$ cat protein22.cif   # mmCIF, C-alpha atoms
data_target
loop_
_atom_site.label_atom_id
_atom_site.label_comp_id
_atom_site.auth_asym_id
_atom_site.auth_seq_id
_atom_site.Cartn_x
_atom_site.Cartn_y
_atom_site.Cartn_z
CA MET A 1 0.00 0.00 0.00
CA ASP A 2 1.13 3.53 -0.76
CA TRP A 3 1.49 5.52 2.47
CA THR A 4 2.58 8.84 0.89
CA TRP A 5 -0.75 10.46 1.75
CA PHE A 6 -0.22 9.67 5.43
CA HIS A 7 3.29 11.15 5.44
CA ARG A 8 2.04 14.23 3.61
CA LEU A 9 -0.55 14.70 6.35
CA ALA A 10 2.32 14.99 8.81
CA SER A 11 3.77 17.93 6.91
CA PRO A 12 2.50 21.26 8.32
CA PRO A 13 2.78 23.32 5.09
CA HIS A 14 0.93 20.64 3.16
CA VAL A 15 -1.80 20.44 5.81
CA TYR A 16 -2.08 24.24 5.95
CA ALA A 17 -2.52 24.53 2.18
CA LEU A 18 -5.00 21.65 2.17
CA ALA A 19 -7.03 23.31 4.94
CA VAL A 20 -7.17 26.60 3.02
CA ARG A 21 -8.39 24.79 -0.10
CA LEU A 22 -10.96 22.55 1.62
CA THR A 23 -12.64 24.93 4.11
CA PRO A 24 -15.15 26.56 1.69
CA TRP A 25 -16.15 23.12 0.38
CA PHE A 26 -17.40 22.28 3.88
CA ALA A 27 -18.58 25.72 5.04
CA TRP A 28 -21.03 26.51 2.23
CA PRO A 29 -22.75 23.11 2.10
CA ALA A 30 -22.98 23.34 5.91
CA ALA A 31 -24.79 26.68 5.66
CA LEU A 32 -27.16 25.28 3.03
CA CYS A 33 -27.97 22.13 5.02
CA ILE A 34 -28.55 24.04 8.26
CA ALA A 35 -30.78 26.62 6.52
CA ALA A 36 -32.82 23.87 4.84
CA GLY A 37 -32.93 21.90 8.10
CA LEU A 38 -34.22 24.90 10.07
CA TRP A 39 -36.88 25.70 7.49
CA SER A 40 -38.11 22.13 7.18
CA GLY A 41 -37.84 21.46 10.92
CA LEU A 42 -39.66 24.57 12.09
CA VAL A 43 -42.18 24.98 9.26
CA LEU A 44 -42.64 21.89 7.10
CA ALA A 45 -42.47 19.04 9.64
CA PRO A 46 -45.85 18.20 11.18
CA PRO A 47 -46.33 18.59 14.95
CA ASP A 48 -45.82 15.44 17.02
CA TYR A 49 -49.01 13.65 18.08
CA GLN A 50 -47.92 13.63 21.74
CA GLN A 51 -45.49 16.56 22.13
CA GLY A 52 -47.09 18.99 19.67
CA ASP A 53 -44.62 21.64 18.50
CA GLY A 54 -42.44 21.02 21.55
CA PHE A 55 -40.73 18.13 19.74
CA ARG A 56 -39.06 20.64 17.37
CA ILE A 57 -36.33 21.05 19.99
CA LEU A 58 -35.15 17.71 18.57
CA TYR A 59 -33.71 19.51 15.54
CA VAL A 60 -31.20 21.46 17.64
CA HIS A 61 -30.79 19.03 20.54
CA ALA A 62 -29.90 15.84 18.63
CA PRO A 63 -27.38 17.53 16.28
CA SER A 64 -25.69 19.23 19.27
CA ALA A 65 -25.52 15.93 21.16
CA TRP A 66 -24.19 14.18 18.02
CA MET A 67 -21.49 16.85 17.74
CA SER A 68 -20.52 16.45 21.40
CA LEU A 69 -19.76 12.74 20.81
CA MET A 70 -18.41 12.85 17.25
CA VAL A 71 -16.01 15.70 18.06
CA TYR A 72 -14.77 13.80 21.12
CA VAL A 73 -14.10 10.64 19.11
CA THR A 74 -12.25 12.76 16.51
CA MET A 75 -10.22 14.43 19.26
CA ALA A 76 -9.33 11.15 20.99
CA THR A 77 -8.37 9.50 17.67
CA ALA A 78 -6.14 12.45 16.72
CA ALA A 79 -4.61 12.41 20.22
CA ALA A 80 -3.88 8.67 19.90
CA VAL A 81 -2.26 9.15 16.49
CA GLY A 82 -0.20 11.98 17.99
CA LEU A 83 0.94 9.77 20.86
CA ILE A 84 1.73 6.71 18.76
CA TRP A 85 3.44 8.31 15.74
CA ARG A 86 4.60 11.48 17.52
CA MET A 87 2.85 13.49 14.85
CA LYS A 88 2.66 17.21 15.66
CA VAL A 89 -0.18 17.86 13.24
CA ALA A 90 -2.31 15.20 14.94
CA HIS A 91 -1.85 16.93 18.31
CA ALA A 92 -2.84 20.20 16.62
CA VAL A 93 -6.04 18.52 15.36
CA ALA A 94 -6.87 17.27 18.86
CA ALA A 95 -6.27 20.70 20.39
CA SER A 96 -8.50 22.29 17.75
CA CYS A 97 -11.39 19.93 18.52
CA ALA A 98 -11.74 20.70 22.24
CA PRO A 99 -13.39 24.15 22.25
CA ILE A 100 -15.77 23.11 19.46
CA GLY A 101 -16.80 19.95 21.33
CA ALA A 102 -17.15 21.72 24.66
CA SER A 103 -19.47 24.38 23.25
CA PHE A 104 -21.74 21.85 21.52
CA THR A 105 -21.86 19.70 24.66
CA PHE A 106 -23.05 22.81 26.47
CA ALA A 107 -25.71 23.34 23.77
CA ALA A 108 -26.83 19.70 24.07
CA LEU A 109 -27.21 20.05 27.86
CA VAL A 110 -29.11 23.36 27.70
CA THR A 111 -31.45 22.32 24.86
CA GLY A 112 -32.01 19.02 26.68
CA ALA A 113 -32.98 20.88 29.87
CA LEU A 114 -35.37 23.09 27.87
CA TRP A 115 -36.92 19.96 26.39
CA GLY A 116 -37.02 18.13 29.73
CA GLN A 117 -39.00 20.78 31.59
CA PRO A 118 -42.21 20.61 29.47
CA MET A 119 -42.00 16.84 28.74
CA TRP A 120 -40.59 15.32 31.95
CA GLY A 121 -41.48 18.13 34.34
CA THR A 122 -37.88 18.90 35.26
CA TYR A 123 -34.91 20.76 33.78
CA TRP A 124 -32.41 18.40 35.37
CA GLN A 125 -32.18 14.92 36.90
CA TRP A 126 -29.09 13.02 37.98
CA ASP A 127 -30.01 10.52 35.31
CA PRO A 128 -27.37 8.23 33.64
CA ARG A 129 -27.63 9.91 30.20
CA LEU A 130 -27.68 13.45 31.58
CA THR A 131 -24.91 12.84 34.10
CA SER A 132 -22.58 11.12 31.61
CA GLU A 133 -23.11 14.00 29.14
CA LEU A 134 -22.19 16.44 31.91
CA VAL A 135 -19.05 14.38 32.57
CA LEU A 136 -18.23 14.81 28.86
CA LEU A 137 -18.38 18.58 29.27
CA PHE A 138 -15.96 18.31 32.22
CA LEU A 139 -13.65 16.10 30.14
CA TYR A 140 -13.48 18.78 27.45
CA LEU A 141 -12.92 21.52 30.02
CA GLY A 142 -10.30 19.42 31.83
CA TYR A 143 -8.51 18.80 28.54
CA MET A 144 -8.46 22.53 27.76
CA GLY A 145 -7.41 23.44 31.30
CA LEU A 146 -4.60 20.89 31.23
CA ARG A 147 -3.27 22.28 27.94
CA ALA A 148 -3.48 25.84 29.22
CA GLY A 149 -1.69 24.86 32.43
CA ILE A 150 1.42 23.31 30.86
CA GLU A 151 3.84 25.75 29.32
CA ASP A 152 6.01 23.37 27.29
CA PRO A 153 3.92 22.65 24.13
CA GLN A 154 5.23 19.09 23.69
CA ARG A 155 4.45 18.13 27.27
CA ALA A 156 1.04 19.79 26.99
CA ASP A 157 0.37 17.76 23.83
CA ARG A 158 1.32 14.46 25.41
CA ALA A 159 -0.38 14.96 28.79
CA SER A 160 -3.63 16.22 27.27
CA ALA A 161 -3.58 13.43 24.67
CA VAL A 162 -3.46 10.82 27.44
CA LEU A 163 -6.47 12.47 29.10
CA ALA A 164 -8.37 12.55 25.79
CA VAL A 165 -7.65 8.88 25.05
CA VAL A 166 -8.58 7.68 28.55
CA GLY A 167 -11.75 9.81 28.52
CA VAL A 168 -13.04 8.06 25.40
CA VAL A 169 -14.51 5.30 27.62
CA ASN A 170 -17.22 7.82 28.46
CA VAL A 171 -18.48 7.85 24.84
CA PRO A 172 -20.03 4.34 24.78
CA ILE A 173 -21.29 4.97 28.31
CA ILE A 174 -23.22 8.01 27.05
CA HIS A 175 -24.52 6.20 23.98
CA TYR A 176 -25.67 3.05 25.77
CA SER A 177 -26.70 4.72 29.06
CA VAL A 178 -30.34 4.72 27.96
CA THR A 179 -30.34 0.95 27.38
CA TRP A 180 -28.08 -0.12 30.25
CA TRP A 181 -29.91 1.78 32.99
CA ASN A 182 -33.39 3.06 33.65
CA SER A 183 -33.23 6.50 32.19
CA LEU A 184 -35.73 9.30 31.74
CA HIS A 185 -34.12 9.86 28.37
CA GLN A 186 -35.61 7.98 25.43
CA ALA A 187 -33.67 5.33 23.51
CA PRO A 188 -32.12 6.29 20.15
CA SER A 189 -34.67 6.60 17.36
CA VAL A 190 -32.25 7.28 14.48
CA MET A 191 -28.75 6.13 15.55
CA ARG A 192 -29.73 2.48 15.77
CA LEU A 193 -29.55 -0.67 13.67
CA ALA A 194 -33.28 -0.88 12.96
CA LYS A 195 -35.18 1.52 10.73
CA PRO A 196 -35.54 5.05 12.19
CA ALA A 197 -38.69 5.36 14.30
CA MET A 198 -39.93 8.51 12.58
CA PRO A 199 -41.92 9.41 9.47
CA PHE A 200 -39.93 10.95 6.60
CA ALA A 201 -41.32 14.48 7.07
CA MET A 202 -39.89 14.49 10.61
CA LEU A 203 -36.71 12.56 9.81
CA ALA A 204 -35.56 14.61 6.79
CA PRO A 205 -35.03 17.89 8.74
CA LEU A 206 -33.09 15.96 11.38
CA LEU A 207 -30.80 14.35 8.81
CA LEU A 208 -30.22 17.77 7.19
CA MET A 209 -29.28 19.28 10.55
CA LEU A 210 -26.99 16.34 11.44
CA LEU A 211 -25.22 16.62 8.07
CA GLY A 212 -25.07 20.41 8.33
CA PHE A 213 -23.51 20.35 11.80
CA THR A 214 -20.99 17.69 10.75
CA LEU A 215 -19.92 19.77 7.74
CA LEU A 216 -19.74 22.83 9.98
CA PHE A 217 -17.44 20.92 12.32
CA ALA A 218 -15.12 20.12 9.42
CA ALA A 219 -14.95 23.79 8.40
CA LEU A 220 -14.38 24.95 12.00
CA LEU A 221 -11.74 22.29 12.59
CA LEU A 222 -9.81 23.22 9.43
CA THR A 223 -9.85 26.91 10.37
CA ARG A 224 -8.68 26.21 13.92
CA LEU A 225 -6.10 23.75 12.63
CA ARG A 226 -4.53 26.48 10.48
CA ALA A 227 -4.26 28.68 13.59
CA GLU A 228 -2.70 25.84 15.62
CA VAL A 229 -0.21 24.90 12.89
CA LEU A 230 0.88 28.53 12.48
CA ALA A 231 1.36 28.94 16.23
CA ARG A 232 3.47 25.76 16.45
CA GLU A 233 5.76 26.32 13.48
CA ARG A 234 8.07 28.93 14.86
CA ALA A 235 10.87 29.36 12.38
CA ALA A 236 9.67 27.52 9.30
CA SER A 237 10.20 29.51 6.12
CA TRP A 238 6.88 28.49 4.55
CA ILE A 239 5.10 30.66 7.12
CA ARG A 240 6.49 33.77 5.40
CA GLU A 241 4.58 32.86 2.27
CA VAL A 242 1.23 32.18 3.92
CA VAL A 243 1.08 35.19 6.26
CA SER A 244 2.54 37.95 4.07
CA VAL A 245 -0.49 39.67 2.57
CA MET B 1 -47.65 34.00 11.83
CA LYS B 2 -48.63 34.38 15.49
CA GLU B 3 -49.36 30.67 15.50
CA PHE B 4 -45.82 29.96 14.30
CA PHE B 5 -44.20 32.03 17.04
CA ASP B 6 -46.51 30.51 19.64
CA MET B 7 -45.20 26.98 18.86
CA GLY B 8 -48.38 25.35 20.16
CA GLY B 9 -47.77 26.77 23.63
CA TYR B 10 -44.14 25.60 23.78
CA ALA B 11 -42.64 28.95 22.68
CA ALA B 12 -40.91 29.47 26.05
CA PHE B 13 -38.90 26.25 25.50
CA VAL B 14 -38.54 25.93 21.71
CA TRP B 15 -37.22 29.43 20.98
CA PRO B 16 -34.62 29.58 23.78
CA ALA B 17 -33.35 26.14 22.64
CA TYR B 18 -32.94 27.38 19.05
CA LEU B 19 -31.41 30.64 20.28
CA VAL B 20 -28.78 28.91 22.44
CA THR B 21 -27.81 26.54 19.61
CA LEU B 22 -27.64 29.37 17.09
CA ALA B 23 -25.47 31.37 19.51
CA VAL B 24 -23.09 28.39 19.89
CA VAL B 25 -22.85 28.02 16.09
CA VAL B 26 -22.21 31.74 15.53
CA LEU B 27 -19.71 31.96 18.41
CA ASN B 28 -17.82 28.94 17.07
CA ILE B 29 -17.46 30.61 13.66
CA PHE B 30 -16.35 33.83 15.34
CA TRP B 31 -13.87 32.10 17.71
CA ALA B 32 -12.32 30.00 14.93
CA ARG B 33 -11.81 33.02 12.69
CA ARG B 34 -10.44 35.08 15.58
CA SER B 35 -7.93 32.40 16.56
CA LEU B 36 -6.71 32.18 12.94
CA ALA B 37 -6.41 35.99 12.72
CA ARG B 38 -4.40 36.02 15.97
CA SER B 39 -2.05 33.25 14.85
CA ARG B 40 -1.43 35.03 11.55
CA ARG B 41 -0.75 38.32 13.33
CA ASP B 42 1.64 36.67 15.81
CA ALA B 43 3.45 34.83 13.03
CA ARG B 44 3.86 38.07 11.08
CA ARG B 45 5.27 39.80 14.18
CA ARG B 46 7.75 36.98 14.76
CA LEU B 47 8.93 37.23 11.18
CA GLN B 48 9.37 41.00 11.51
CA MET B 49 11.41 40.60 14.70
CA GLN B 50 13.59 37.97 13.07
CA GLY B 51 14.10 40.33 10.11
CA GLU B 52 15.19 43.17 12.41
CA ALA B 53 17.53 40.93 14.41
CA SER B 54 19.44 39.62 11.39
#

$ encode --input "protein22.cif" --output "structure tokens"
Amino acid sequence: MDWTWFHRLASPPHVYALAVRLTPWFAWPAALCIAAGLWSGLVLAPPDYQQGDGFRILYVHAPSAWMSLMVYVTMATAAAVGLIWRMKVAHAVAASCAPIGASFTFAALVTGALWGQPMWGTYWQWDPRLTSELVLLFLYLGYMGLRAGIEDPQRADRASAVLAVVGVVNVPIIHYSVTWWNSLHQAPSVMRLAKPAMPFAMLAPLLLMLLGFTLLFAALLLTRLRAEVLARERAASWIREVVSV
Amino acid sequence: MKEFFDMGGYAAFVWPAYLVTLAVVVLNIFWARRSLARSRRDARRRLQMQGEAS
């Protein structure tokens, strides 16, 4: 097998140029998907037979929760690659993921609370799903705090990468919490092996929002990655070319 | 129109949820762009200082 592509991904100038080229290809489709998802979710989708229009919180809650997990898995994978192959760019990817993941975890918790109050009669319960999602937020914040607290960039990379990799055990706990324990939270209705438990008019806006958020993550990650790579490459001559306007 | 904003009586929960998520999306775009602008500015400064030193 030809591994050139992998080695090229370890080269900061190559990654920087690639990020510049790819960002708009993710950002604009993301904007389109999210706009279409909002329109179809708020206007076109019929009200739920039990929850009325209250169910529309789904279209911001589920994509935020999906981001919180997907970004974490991306971060932990990048951190593991950084640890195993000592790849600087991989550590830069992991560091770029954390603030994005933390903010969407926050959104998932807040939108979940706003959905819980009218449907369950409470904003918060120390329920397995809710508690493990809160732990995820603390993992992100701990990761960021650890990085900020260590001055030497290489040590910060390695220490925070270990935290990210160990913390990944929380991801299956969050996903399966609703089946393993008695939880207020419902079981997955889309992210499951069987057919989604939703009619198409309700499912389509959700899929648009999920795709839109995922594309948005790619665009955000590439932008942050450029910033990280620039900050790490102190003396490299290629920097002169990319920052001189 | 009023019906739409009323959200079948759930307006007090639906709109704040959308608002918070929208704010997180917009802030993420803003933060990412700001961190890139800062890194570019810092890199440019470093290059200038190196130029003056040599």

$ interface_residues --input "protein22.cif" --of "chain B" --to "chain A" --cutoff "7 Å" --atoms "all atoms listed in the file" --output "tab-separated table (two decimals) with C-alpha atoms, keeping the file's coordinate frame"
chain	number	residue	atom	x	y	z
B	7	MET	CA	-45.20	26.98	18.86
B	8	GLY	CA	-48.38	25.35	20.16
B	10	TYR	CA	-44.14	25.60	23.78
B	13	PHE	CA	-38.90	26.25	25.50
B	14	VAL	CA	-38.54	25.93	21.71
B	17	ALA	CA	-33.35	26.14	22.64
B	18	TYR	CA	-32.94	27.38	19.05
B	20	VAL	CA	-28.78	28.91	22.44
B	21	THR	CA	-27.81	26.54	19.61
B	24	VAL	CA	-23.09	28.39	19.89
B	28	ASN	CA	-17.82	28.94	17.07
B	29	ILE	CA	-17.46	30.61	13.66
B	32	ALA	CA	-12.32	30.00	14.93
B	33	ARG	CA	-11.81	33.02	12.69
B	35	SER	CA	-7.93	32.40	16.56
B	36	LEU	CA	-6.71	32.18	12.94
B	39	SER	CA	-2.05	33.25	14.85
B	40	ARG	CA	-1.43	35.03	11.55
B	43	ALA	CA	3.45	34.83	13.03
B	44	ARG	CA	3.86	38.07	11.08

$ closest_residue --input "protein22.cif" --among "A:Thr23, A:Ser189, A:Ser11, A:Asn170" --to "Thr131 (chain A)" --atoms "all atoms listed in the file"
A:Asn170

$ atom_distance --input "protein22.cif" --atom1 "CA of Trp238 (chain A)" --atom2 "CA of Met49 (chain B)"
16.4 Å

$ resolve_selection --input "protein22.cif" --expression "the PyMOL selection byres ((chain A and resi 202) around 9)" --output "list in words"
Ser40, Gly41, Leu44, Ala45, Pro46, Pro47, Asp48, Met198, Pro199, Phe200, Ala201, Leu203, Ala204, Pro205 and Leu206 of chain A

$ write_last_selection --input "protein22.cif" --atoms "C-alpha atoms" --output "mmCIF file, keeping the file's coordinate frame"
data_model
loop_
_atom_site.group_PDB
_atom_site.id
_atom_site.type_symbol
_atom_site.label_atom_id
_atom_site.label_comp_id
_atom_site.auth_asym_id
_atom_site.auth_seq_id
_atom_site.Cartn_x
_atom_site.Cartn_y
_atom_site.Cartn_z
ATOM 1 C CA SER A 40 -38.110 22.130 7.180
ATOM 2 C CA GLY A 41 -37.840 21.460 10.920
ATOM 3 C CA LEU A 44 -42.640 21.890 7.100
ATOM 4 C CA ALA A 45 -42.470 19.040 9.640
ATOM 5 C CA PRO A 46 -45.850 18.200 11.180
ATOM 6 C CA PRO A 47 -46.330 18.590 14.950
ATOM 7 C CA ASP A 48 -45.820 15.440 17.020
ATOM 8 C CA MET A 198 -39.930 8.510 12.580
ATOM 9 C CA PRO A 199 -41.920 9.410 9.470
ATOM 10 C CA PHE A 200 -39.930 10.950 6.600
ATOM 11 C CA ALA A 201 -41.320 14.480 7.070
ATOM 12 C CA LEU A 203 -36.710 12.560 9.810
ATOM 13 C CA ALA A 204 -35.560 14.610 6.790
ATOM 14 C CA PRO A 205 -35.030 17.890 8.740
ATOM 15 C CA LEU A 206 -33.090 15.960 11.380
#

$ atom_distance --input "protein22.cif" --atom1 "CA of Ile34 (chain A)" --atom2 "CA of Met144 (chain A)"
28.0 Å

$ atom_distance --input "protein22.cif" --atom1 "CA of Ala11 (chain B)" --atom2 "CA of His175 (chain A)"
29.1 Å

$ resolve_selection --input "protein22.cif" --expression "the PyMOL selection byres ((chain A and resi 125) around 12)" --output "ChimeraX atom specification"
/A:109,112-113,116-117,120-124,126-134,183-185

$ axis_aligned_box --input "protein22.cif" --around "region 200-213 of chain A" --padding-each-side "8 Å" --output "AutoDock Vina command-line options"
--center_x -32.4 --center_y 15.7 --center_z 9.2 --size_x 33.8 --size_y 25.5 --size_z 21.2

$ resolve_selection --input "protein22.cif" --expression "the PyMOL selection byres ((chain A and resi 33) around 9)" --output "list of chain:residue names"
A:Trp28, A:Pro29, A:Ala30, A:Ala31, A:Leu32, A:Ile34, A:Ala35, A:Ala36, A:Gly37, A:Leu38, A:Leu208, A:Met209, A:Leu210, A:Leu211, A:Gly212, A:Phe213, A:Leu215

$ closest_residue --input "protein22.cif" --among "A:Ala92, A:Leu136, A:Gln186, A:Val169" --to "Met119 (chain A)" --atoms "all atoms listed in the file"
A:Gln186

$ residues_around --input "protein22.cif" --residues "region 79-89 of chain A" --least-positions-apart "3" --cutoff "9 Å" --atoms "all atoms listed in the file" --output "JSON, numbers by chain"
{"A": [9, 10, 11, 12, 15, 74, 75, 76, 92, 93, 94, 95, 154, 157, 158, 160, 161, 162, 164, 165, 225, 228, 229, 232]}

$ decode --input "protein22.cif" --residues "region 71-82 of chain A" --atoms "N, CA, C and O atoms" --output "mmCIF file, in the first residue's frame"
data_model
loop_
_atom_site.group_PDB
_atom_site.id
_atom_site.type_symbol
_atom_site.label_atom_id
_atom_site.label_comp_id
_atom_site.auth_asym_id
_atom_site.auth_seq_id
_atom_site.Cartn_x
_atom_site.Cartn_y
_atom_site.Cartn_z
ATOM 1 N N VAL A 71 -17.216 14.883 17.894
ATOM 2 C CA VAL A 71 -16.013 15.701 18.060
ATOM 3 C C VAL A 71 -15.071 15.032 19.066
ATOM 4 O O VAL A 71 -13.858 15.019 18.871
ATOM 5 N N TYR A 72 -15.651 14.443 20.127
ATOM 6 C CA TYR A 72 -14.773 13.803 21.117
ATOM 7 C C TYR A 72 -14.027 12.617 20.512
ATOM 8 O O TYR A 72 -12.825 12.434 20.747
ATOM 9 N N VAL A 73 -14.745 11.800 19.734
ATOM 10 C CA VAL A 73 -14.096 10.641 19.109
ATOM 11 C C VAL A 73 -12.993 11.113 18.151
ATOM 12 O O VAL A 73 -11.894 10.548 18.120
ATOM 13 N N THR A 74 -13.269 12.186 17.385
ATOM 14 C CA THR A 74 -12.250 12.755 16.506
ATOM 15 C C THR A 74 -11.034 13.201 17.319
ATOM 16 O O THR A 74 -9.885 12.911 16.968
ATOM 17 N N MET A 75 -11.297 13.903 18.420
ATOM 18 C CA MET A 75 -10.223 14.428 19.262
ATOM 19 C C MET A 75 -9.383 13.290 19.848
ATOM 20 O O MET A 75 -8.145 13.337 19.808
ATOM 21 N N ALA A 76 -10.056 12.257 20.367
ATOM 22 C CA ALA A 76 -9.328 11.146 20.986
ATOM 23 C C ALA A 76 -8.523 10.372 19.934
ATOM 24 O O ALA A 76 -7.393 9.936 20.202
ATOM 25 N N THR A 77 -9.094 10.198 18.732
ATOM 26 C CA THR A 77 -8.373 9.502 17.671
ATOM 27 C C THR A 77 -7.123 10.285 17.279
ATOM 28 O O THR A 77 -6.030 9.726 17.158
ATOM 29 N N ALA A 78 -7.286 11.607 17.078
ATOM 30 C CA ALA A 78 -6.143 12.446 16.722
ATOM 31 C C ALA A 78 -5.091 12.396 17.832
ATOM 32 O O ALA A 78 -3.883 12.292 17.558
ATOM 33 N N ALA A 79 -5.546 12.444 19.089
ATOM 34 C CA ALA A 79 -4.605 12.405 20.217
ATOM 35 C C ALA A 79 -3.840 11.083 20.222
ATOM 36 O O ALA A 79 -2.624 11.057 20.455
ATOM 37 N N ALA A 80 -4.534 9.977 19.931
ATOM 38 C CA ALA A 80 -3.878 8.668 19.905
ATOM 39 C C ALA A 80 -2.842 8.612 18.776
ATOM 40 O O ALA A 80 -1.719 8.142 18.979
ATOM 41 N N VAL A 81 -3.211 9.110 17.610
ATOM 42 C CA VAL A 81 -2.258 9.151 16.485
ATOM 43 C C VAL A 81 -1.039 9.990 16.873
ATOM 44 O O VAL A 81 0.107 9.623 16.607
ATOM 45 N N GLY A 82 -1.298 11.111 17.548
ATOM 46 C CA GLY A 82 -0.200 11.975 17.988
ATOM 47 C C GLY A 82 0.722 11.273 18.968
ATOM 48 O O GLY A 82 1.950 11.436 18.904
#
